[in-house]
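For reference, the structure discussed in these notes is given below.
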Amino acid sequence: MKHELEFFPDGTPIDDWFYEIETPELSALGKQYPLTDYGILPDGQLHTKEIQSVIDFAAKEGGGVLVVPAGVYHTGALHFKQGVNLYVAQGGTLMGSDDIADYDLCETRMEGQNCIYFSALINADGVDGFTISGPGTIDGNGLRSWRAFWLRRKWNPKCTNKDEQRPRLVFISNSKNVTFANITLQNSHFWTSHLYRCDHVKYLNCRILSPAHPVPAPSTDAIDIDVCTDVLVKNCYLEVNDDSVVLKGGRGPWADTAPENGINERILVEDCHYGFCHGCLTCGSESMHDRNVLIRRLKVDHACNLLWLKMRPDTPQHYEYITMKQVDAVVESFVNINPWTQFYDLEDRKDIPLSYADHITVEDCRCECREYFNVKPEPTQYQLSDFTFRNLDIRAKENSFDPTAVNGMVCENCNITPLDTAPDINYIPPVPHTIEEA
């Protein structure tokens, strides 16, 4: 494919792989294994064991594609094997169980640490070439756990995400050449899709959804990228009750010495539309090193933060060469850089590890916001340097711009005008995917 030579923020050329955006046809995914051919029906019954048997059989036969036909098929955790893909047909829904007992315990990765936790609804580990596609839906059925979470928080405000036991929707680990195409992922109990130690992953034309009302879906991040390289998110619609694209990679006072942690590198998000979310691009809170991140050509409706760098005082962090450009947005904060102390724990470390954010560029953006520059200098915790703001048209309720917060702050053609009334980022338009409160 011929295209103009383009570059990541540090000057590294964008590889041809990022321009290969054809979505796979069902016929290209191998021998088809429709659920109904194996007596699995949309009858409201849980079919975890039967569906897993089909996956195992397909893997033994050399691979192919598990096909979810029209109808709603209920299941607990499924573990995909090498060579077996997943296709959800038009009108088809793979519906997750709302009982945590239907998700097995396993060695996994959660909140920046390796640990024993519950498997996701869809799991794949150590695979090459895994595809999740089709015009249908994978639905986490998370309402029961959302209610339980908020009730538990009312009883114990300090309870953590893991205290209220709930599964993710999709977890892919130690894998490469993974594709999500045309699929709808919605109503996850917890994080919606989580990549760990993966490379060459594409999200193409996907919808990732969770409600903020009538029962908010807590911590249902759309895409969690955790120690991964070469990730493309293109032509997707993301609307979740937490962060949309989140870079993770490890947390803790010695995170940079742990072999299970590491860098996220060469991440490209483009031509996407965001509904409500907490952060459009969020580095943290379990993030160690992020480099060469390019976000461009976005439309953002009613988000809390456009660029959010969470600075943990108990974790050495480095966010570098991050560019956001060509964004049309309504947000609470245009840029948010502040200490993040949720579940803070220095363990046995006596000093606060120093963190860095540098070579951050935001350009060619039009935005309405409450606060333009929500940045708190904390030089004993983190150092900010080499920021460039260019060609910005900002209407802000609060300007609060402080160039001294950054060592090497460059502003070119930035037009900041006052906004009498802050945009209502709490407005959530009615959407058909919302689970109705029973």
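Following the order of the structure tokens, first chain is A, next is B, and so on, with residues numbered from 1 inside each chain and ligands from 1 in the order they appear.
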
Spatial neighbours of range 224-237 of chain A, max dist 6 Å, only C-alpha atoms, sep filter under 5 positions, as a ChimeraX atom specification
/A:194-207,246-249,262-274

Those residues you just picked out, can you put them in a file as a PDB file, in the first residue's frame with C-alpha atoms?
ATOM      1  CA  HIS A 194      -6.988  -5.779  28.474  1.00  0.00           C
ATOM      2  CA  LEU A 195      -3.817  -6.507  26.486  1.00  0.00           C
ATOM      3  CA  TYR A 196      -0.738  -7.706  28.351  1.00  0.00           C
ATOM      4  CA  ARG A 197       2.639  -8.350  26.724  1.00  0.00           C
ATOM      5  CA  CYS A 198       1.178  -8.317  23.236  1.00  0.00           C
ATOM      6  CA  ASP A 199       2.467  -6.891  19.977  1.00  0.00           C
ATOM      7  CA  HIS A 200       0.798  -5.970  16.706  1.00  0.00           C
ATOM      8  CA  VAL A 201      -2.788  -5.591  17.881  1.00  0.00           C
ATOM      9  CA  LYS A 202      -5.506  -3.828  15.873  1.00  0.00           C
ATOM     10  CA  TYR A 203      -8.929  -2.530  16.858  1.00  0.00           C
ATOM     11  CA  LEU A 204     -10.783  -1.743  13.612  1.00  0.00           C
ATOM     12  CA  ASN A 205     -14.319  -0.326  13.412  1.00  0.00           C
ATOM     13  CA  CYS A 206     -15.213  -1.511  16.924  1.00  0.00           C
ATOM     14  CA  ARG A 207     -17.767  -0.193  19.416  1.00  0.00           C
ATOM     15  CA  VAL A 246      -5.286   3.585  28.985  1.00  0.00           C
ATOM     16  CA  LEU A 247      -1.566   2.872  29.081  1.00  0.00           C
ATOM     17  CA  LYS A 248      -0.476   0.620  31.913  1.00  0.00           C
ATOM     18  CA  GLY A 249       2.706  -1.349  32.560  1.00  0.00           C
ATOM     19  CA  GLY A 262       7.780  -2.694  30.947  1.00  0.00           C
ATOM     20  CA  ILE A 263       7.205  -0.167  28.215  1.00  0.00           C
ATOM     21  CA  ASN A 264       4.263   0.614  25.941  1.00  0.00           C
ATOM     22  CA  GLU A 265       5.607   1.766  22.606  1.00  0.00           C
ATOM     23  CA  ARG A 266       4.325   2.718  19.152  1.00  0.00           C
ATOM     24  CA  ILE A 267       0.644   3.242  19.938  1.00  0.00           C
ATOM     25  CA  LEU A 268      -1.509   4.874  17.222  1.00  0.00           C
ATOM     26  CA  VAL A 269      -5.126   5.929  17.832  1.00  0.00           C
ATOM     27  CA  GLU A 270      -6.816   7.673  14.918  1.00  0.00           C
ATOM     28  CA  ASP A 271     -10.165   8.546  13.333  1.00  0.00           C
ATOM     29  CA  CYS A 272     -12.114   7.599  16.464  1.00  0.00           C
ATOM     30  CA  HIS A 273     -15.212   9.074  18.079  1.00  0.00           C
ATOM     31  CA  TYR A 274     -15.444   9.194  21.860  1.00  0.00           C
TER      32      TYR A 274
END

Distance query Thr108 in chain A at most 8 Å, only C-alpha atoms, self and fewer than 2 positions along chain excluded, as a list in words
Cys106, Met110, Asn114, Cys115, Ile116, Tyr117, Phe118 and Ser119 of chain A

What lies within 12 Å of Ile51 in chain A using only C-alpha atoms, ignoring chain neighbours under 4 positions off, as JSON, numbers by chain?
{"A": [33, 34, 35, 36, 37, 38, 39, 40, 41, 46, 47, 55, 56, 57, 58, 66, 67, 68, 73, 74, 75, 76, 77, 78, 79, 80, 86, 94, 122]}

Prev. selection, N, CA and C atoms, output as a JSON list (two decimals), in the first residue's frame:
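To be explicit, this is the file written out as again.json:
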[["chain", "number", "residue", "atom", "x", "y", "z"],
["A", 33, "TYR", "N", -17.18, -23.34, 12.96],
["A", 33, "TYR", "CA", -17.77, -24.18, 13.99],
["A", 33, "TYR", "C", -18.94, -23.43, 14.62],
["A", 34, "PRO", "N", -20.12, -23.42, 13.97],
["A", 34, "PRO", "CA", -21.28, -22.73, 14.55],
["A", 34, "PRO", "C", -21.75, -23.42, 15.83],
["A", 35, "LEU", "N", -22.10, -22.64, 16.83],
["A", 35, "LEU", "CA", -22.53, -23.21, 18.10],
["A", 35, "LEU", "C", -23.72, -24.16, 17.92],
["A", 36, "THR", "N", -24.64, -23.79, 17.06],
["A", 36, "THR", "CA", -25.86, -24.59, 16.90],
["A", 36, "THR", "C", -25.58, -25.96, 16.29],
["A", 37, "ASP", "N", -24.48, -26.12, 15.60],
["A", 37, "ASP", "CA", -24.12, -27.44, 15.06],
["A", 37, "ASP", "C", -23.74, -28.42, 16.16],
["A", 38, "TYR", "N", -23.50, -27.91, 17.36],
["A", 38, "TYR", "CA", -23.08, -28.75, 18.47],
["A", 38, "TYR", "C", -24.12, -28.75, 19.58],
["A", 39, "GLY", "N", -25.35, -28.44, 19.21],
["A", 39, "GLY", "CA", -26.46, -28.50, 20.16],
["A", 39, "GLY", "C", -26.49, -27.37, 21.16],
["A", 40, "ILE", "N", -25.74, -26.29, 20.90],
["A", 40, "ILE", "CA", -25.70, -25.15, 21.81],
["A", 40, "ILE", "C", -26.71, -24.13, 21.31],
["A", 41, "LEU", "N", -27.73, -23.87, 22.10],
["A", 41, "LEU", "CA", -28.86, -23.07, 21.64],
["A", 41, "LEU", "C", -29.01, -21.79, 22.48],
["A", 46, "LEU", "N", -26.76, -21.69, 30.72],
["A", 46, "LEU", "CA", -25.32, -21.46, 30.67],
["A", 46, "LEU", "C", -24.65, -22.62, 29.93],
["A", 47, "HIS", "N", -23.83, -22.31, 28.92],
["A", 47, "HIS", "CA", -23.22, -23.34, 28.07],
["A", 47, "HIS", "C", -21.69, -23.26, 28.07],
["A", 55, "ILE", "N", -14.29, -25.19, 21.29],
["A", 55, "ILE", "CA", -13.00, -24.52, 21.09],
["A", 55, "ILE", "C", -11.86, -25.54, 21.13],
["A", 56, "ASP", "N", -11.89, -26.41, 22.11],
["A", 56, "ASP", "CA", -10.83, -27.42, 22.24],
["A", 56, "ASP", "C", -10.82, -28.37, 21.05],
["A", 57, "PHE", "N", -12.01, -28.75, 20.58],
["A", 57, "PHE", "CA", -12.11, -29.64, 19.43],
["A", 57, "PHE", "C", -11.57, -28.97, 18.17],
["A", 58, "ALA", "N", -11.93, -27.69, 17.98],
["A", 58, "ALA", "CA", -11.44, -26.96, 16.81],
["A", 58, "ALA", "C", -9.92, -26.84, 16.83],
["A", 66, "LEU", "N", -14.87, -20.18, 15.80],
["A", 66, "LEU", "CA", -16.10, -20.42, 16.55],
["A", 66, "LEU", "C", -17.10, -19.36, 16.12],
["A", 67, "VAL", "N", -18.27, -19.78, 15.63],
["A", 67, "VAL", "CA", -19.27, -18.86, 15.12],
["A", 67, "VAL", "C", -20.45, -18.81, 16.08],
["A", 68, "VAL", "N", -20.76, -17.61, 16.54],
["A", 68, "VAL", "CA", -21.94, -17.37, 17.37],
["A", 68, "VAL", "C", -23.04, -16.88, 16.44],
["A", 73, "TYR", "N", -26.45, -16.25, 23.53],
["A", 73, "TYR", "CA", -25.84, -17.48, 24.04],
["A", 73, "TYR", "C", -25.10, -17.15, 25.33],
["A", 74, "HIS", "N", -25.42, -17.84, 26.41],
["A", 74, "HIS", "CA", -24.87, -17.53, 27.73],
["A", 74, "HIS", "C", -23.67, -18.42, 28.05],
["A", 75, "THR", "N", -22.65, -17.81, 28.66],
["A", 75, "THR", "CA", -21.45, -18.57, 28.98],
["A", 75, "THR", "C", -20.68, -17.90, 30.12],
["A", 76, "GLY", "N", -19.84, -18.70, 30.78],
["A", 76, "GLY", "CA", -18.83, -18.18, 31.68],
["A", 76, "GLY", "C", -17.52, -18.05, 30.93],
["A", 77, "ALA", "N", -16.40, -18.12, 31.64],
["A", 77, "ALA", "CA", -15.08, -17.89, 31.04],
["A", 77, "ALA", "C", -14.77, -18.90, 29.95],
["A", 78, "LEU", "N", -14.26, -18.39, 28.83],
["A", 78, "LEU", "CA", -13.82, -19.23, 27.71],
["A", 78, "LEU", "C", -12.34, -18.96, 27.45],
["A", 79, "HIS", "N", -11.61, -20.02, 27.14],
["A", 79, "HIS", "CA", -10.17, -19.92, 26.90],
["A", 79, "HIS", "C", -9.88, -20.39, 25.47],
["A", 80, "PHE", "N", -9.47, -19.43, 24.63],
["A", 80, "PHE", "CA", -9.22, -19.73, 23.23],
["A", 80, "PHE", "C", -7.80, -20.26, 23.04],
["A", 86, "LEU", "N", -12.81, -16.14, 16.82],
["A", 86, "LEU", "CA", -14.19, -15.95, 17.29],
["A", 86, "LEU", "C", -14.90, -14.99, 16.35],
["A", 94, "LEU", "N", -22.89, -13.02, 22.47],
["A", 94, "LEU", "CA", -22.26, -13.91, 23.44],
["A", 94, "LEU", "C", -22.37, -13.21, 24.78],
["A", 122, "ILE", "N", -13.59, -13.70, 27.77],
["A", 122, "ILE", "CA", -12.82, -14.20, 26.63],
["A", 122, "ILE", "C", -11.35, -14.10, 26.98]]

When you look at Ala357 in chain A with a cut-off of 12 Å (counting only C-alpha atoms), what residues show up, excluding the ones that are within fewer than 5 positions of it in the same chain? I need them as a CSV table (one decimal) with N, CA and C atoms, in the first residue's frame.
chain,number,residue,atom,x,y,z
A,283,CYS,N,-2.4,8.0,30.8
A,283,CYS,CA,-1.2,7.3,31.2
A,283,CYS,C,-1.2,7.1,32.7
A,288,MET,N,4.3,2.6,33.8
A,288,MET,CA,5.7,2.8,34.2
A,288,MET,C,6.5,3.6,33.1
A,289,HIS,N,6.4,3.2,31.8
A,289,HIS,CA,7.1,3.8,30.7
A,289,HIS,C,6.2,3.8,29.4
A,290,ASP,N,5.9,4.9,28.9
A,290,ASP,CA,5.1,5.0,27.7
A,290,ASP,C,5.9,5.9,26.7
A,291,ARG,N,6.0,5.4,25.5
A,291,ARG,CA,6.8,6.2,24.5
A,291,ARG,C,6.3,6.0,23.1
A,308,TRP,N,-4.5,12.9,30.1
A,308,TRP,CA,-4.4,12.7,31.5
A,308,TRP,C,-3.2,11.9,31.9
A,309,LEU,N,-2.2,12.6,32.5
A,309,LEU,CA,-1.0,11.9,33.0
A,309,LEU,C,-1.2,11.8,34.5
A,310,LYS,N,-1.4,10.5,35.0
A,310,LYS,CA,-1.5,10.3,36.4
A,310,LYS,C,-0.1,10.0,36.9
A,311,MET,N,0.3,10.8,37.9
A,311,MET,CA,1.7,10.7,38.4
A,311,MET,C,1.6,10.1,39.8
A,316,PRO,N,8.2,4.8,39.9
A,316,PRO,CA,9.0,5.6,38.9
A,316,PRO,C,8.3,5.5,37.6
A,317,GLN,N,8.0,6.6,37.0
A,317,GLN,CA,7.3,6.7,35.7
A,317,GLN,C,8.0,7.6,34.7
A,318,HIS,N,7.8,7.2,33.4
A,318,HIS,CA,8.4,8.1,32.4
A,318,HIS,C,7.4,8.1,31.2
A,319,TYR,N,6.8,9.2,30.9
A,319,TYR,CA,5.9,9.4,29.8
A,319,TYR,C,6.6,10.3,28.8
A,320,GLU,N,6.9,9.8,27.6
A,320,GLU,CA,7.7,10.6,26.7
A,320,GLU,C,7.2,10.4,25.2
A,321,TYR,N,7.4,11.5,24.4
A,321,TYR,CA,7.1,11.5,23.0
A,321,TYR,C,5.6,11.0,22.8
A,322,ILE,N,4.7,11.9,23.3
A,322,ILE,CA,3.3,11.7,23.2
A,322,ILE,C,2.7,12.9,22.4
A,337,ILE,N,-2.5,17.0,34.7
A,337,ILE,CA,-1.3,16.3,35.2
A,337,ILE,C,-1.2,16.7,36.7
A,338,ASN,N,-1.4,15.7,37.5
A,338,ASN,CA,-1.5,15.8,38.9
A,338,ASN,C,-1.0,14.6,39.6
A,375,VAL,N,-2.6,21.5,35.7
A,375,VAL,CA,-1.3,20.9,35.9
A,375,VAL,C,-0.8,21.5,37.2
A,377,PRO,N,2.5,21.6,39.5
A,377,PRO,CA,4.0,21.3,39.7
A,377,PRO,C,4.3,20.6,41.0
A,378,GLU,N,5.0,19.5,40.9
A,378,GLU,CA,5.5,18.8,42.1
A,378,GLU,C,6.9,18.3,41.8
A,379,PRO,N,7.9,19.3,41.8
A,379,PRO,CA,9.2,18.9,41.4
A,379,PRO,C,9.9,17.9,42.2
A,381,GLN,N,8.5,15.2,43.1
A,381,GLN,CA,7.9,13.9,42.7
A,381,GLN,C,8.1,13.7,41.2
A,382,TYR,N,7.9,14.7,40.4
A,382,TYR,CA,8.0,14.5,38.9
A,382,TYR,C,8.5,15.8,38.3
A,383,GLN,N,9.2,15.6,37.1
A,383,GLN,CA,9.7,16.8,36.3
A,383,GLN,C,9.0,16.8,35.0
A,384,LEU,N,8.5,17.9,34.6
A,384,LEU,CA,7.9,18.1,33.3
A,384,LEU,C,8.8,19.0,32.4
A,385,SER,N,9.0,18.5,31.2
A,385,SER,CA,9.9,19.3,30.3
A,385,SER,C,9.5,19.1,28.8
A,386,ASP,N,9.8,20.1,28.0
A,386,ASP,CA,9.7,20.0,26.5
A,386,ASP,C,8.3,19.7,26.1
A,387,PHE,N,7.4,20.6,26.5
A,387,PHE,CA,6.0,20.5,26.0
A,387,PHE,C,5.8,21.5,24.9
A,405,ALA,N,5.3,25.8,35.0
A,405,ALA,CA,5.1,24.4,35.4
A,405,ALA,C,5.9,23.4,34.6
A,406,VAL,N,6.4,23.8,33.4
A,406,VAL,CA,7.1,23.0,32.5
A,406,VAL,C,8.4,23.6,32.1
A,407,ASN,N,9.5,22.9,32.2
A,407,ASN,CA,10.8,23.3,31.8
A,407,ASN,C,10.9,23.2,30.3
A,408,GLY,N,10.8,24.3,29.6
A,408,GLY,CA,10.8,24.2,28.1
A,408,GLY,C,9.4,24.2,27.5

Measuring atom to atom with only C-alpha atoms, identify which of A:Glu25, A:Ala217, A:Lys31, A:Phe190 is nearest to Thr131 in chain A.
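So, comparing all the options, the nearest one is A:Glu25.
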
Using the chain letters and numbers from this document, which residues of range 135-202 of chain A does DSSP assign to strand (DSSP E), as a PyMOL selection string?
chain A and resi 137-139+170-173+176-181+184-186+193-196+199-202

Do you know which residues are at most 9 Å from Ile132 in chain A counting only C-alpha atoms, after dropping those on the same chain fewer than 3 positions away, and could you put them as a list in words?
Asn85, Leu86, Tyr87, Val88, Val178, Thr179, Phe180, Ala181, Asn182 and Ile183 of chain A

Would you kindly return, as a list of chain:residue names, each protein, DNA or RNA residue with an atom no farther than 7 Å from any atom of range 348-350 of chain A, considering only C-alpha atoms and excluding same-chain residues fewer than 2 positions away?
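Residues near the query, excluding close chain neighbours: A:Pro253, A:Leu346, A:Ile352.
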
May I have all residues of range 178-413 of chain A that DSSP, computed from the backbone, assigns to helix (DSSP H, G or I), given as number ranges by chain?
A: 255-257, 403-405

Selected residues written out with N, CA and C atoms, as a PDB file, in the first residue's frame:
ATOM      1  N   ALA A 255       8.927  -0.904  40.532  1.00  0.00           N
ATOM      2  CA  ALA A 255       8.305  -1.395  39.291  1.00  0.00           C
ATOM      3  C   ALA A 255       9.293  -1.486  38.138  1.00  0.00           C
ATOM      4  N   ASP A 256      10.263  -0.575  38.104  1.00  0.00           N
ATOM      5  CA  ASP A 256      11.201  -0.556  36.973  1.00  0.00           C
ATOM      6  C   ASP A 256      12.227  -1.678  37.036  1.00  0.00           C
ATOM      7  N   THR A 257      12.268  -2.446  38.121  1.00  0.00           N
ATOM      8  CA  THR A 257      13.207  -3.565  38.212  1.00  0.00           C
ATOM      9  C   THR A 257      12.514  -4.921  38.048  1.00  0.00           C
ATOM     10  N   PRO A 403       3.136  28.657  32.479  1.00  0.00           N
ATOM     11  CA  PRO A 403       4.271  28.127  31.704  1.00  0.00           C
ATOM     12  C   PRO A 403       5.443  27.690  32.566  1.00  0.00           C
ATOM     13  N   THR A 404       5.524  28.175  33.804  1.00  0.00           N
ATOM     14  CA  THR A 404       6.639  27.789  34.678  1.00  0.00           C
ATOM     15  C   THR A 404       6.481  26.364  35.208  1.00  0.00           C
ATOM     16  N   ALA A 405       5.297  25.754  35.006  1.00  0.00           N
ATOM     17  CA  ALA A 405       5.103  24.369  35.446  1.00  0.00           C
ATOM     18  C   ALA A 405       5.922  23.386  34.625  1.00  0.00           C
TER      19      ALA A 405
END

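With distances restricted to only C-alpha atoms, A:Glu412 is the closest residue to Thr388 in chain A from A:Glu412, A:Glu286, A:Asp402, A:Asp364.
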
Contact check, range 317-404 of chain A to range 148-165 of chain A, at most 12 Å, counting only C-alpha atoms, closest pairs as CSV:
residue,atom,partner,partner_atom,distance
A:Gln342,CA,A:Thr160,CA,9.5
A:Phe343,CA,A:Thr160,CA,8.1
A:Tyr344,CA,A:Thr160,CA,11.9

Please produce an output containing N, CA and C atoms for each residue in the selection, written as a PDB file, in the first residue's frame.
ATOM      1  N   GLN A 342      -4.251   7.167  44.668  1.00  0.00           N
ATOM      2  CA  GLN A 342      -5.173   6.073  44.983  1.00  0.00           C
ATOM      3  C   GLN A 342      -4.382   4.800  45.318  1.00  0.00           C
ATOM      4  N   PHE A 343      -4.660   4.222  46.470  1.00  0.00           N
ATOM      5  CA  PHE A 343      -4.003   2.997  46.936  1.00  0.00           C
ATOM      6  C   PHE A 343      -2.478   3.155  46.972  1.00  0.00           C
ATOM      7  N   TYR A 344      -2.051   4.345  47.355  1.00  0.00           N
ATOM      8  CA  TYR A 344      -0.626   4.684  47.450  1.00  0.00           C
ATOM      9  C   TYR A 344       0.072   3.785  48.462  1.00  0.00           C
TER      10      TYR A 344
END

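Interatomic distance, CA of Ser287 in chain A to CA of Trp340 in chain A: 11.4 Å.
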
Residue nearest Arg390 in chain A among A:Gln326, A:Asn177, A:Asn374, A:Thr421 (counting only C-alpha atoms):
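Of all the options, A:Gln326 lies closest to Arg390 in chain A.
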
Provide the CA of Thr48 in chain A to CA of Asp98 in chain A distance in Å, to one decimal place.
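CA of Asp98 in chain A lies at a distance of 12.8 Å from CA of Thr48 in chain A.
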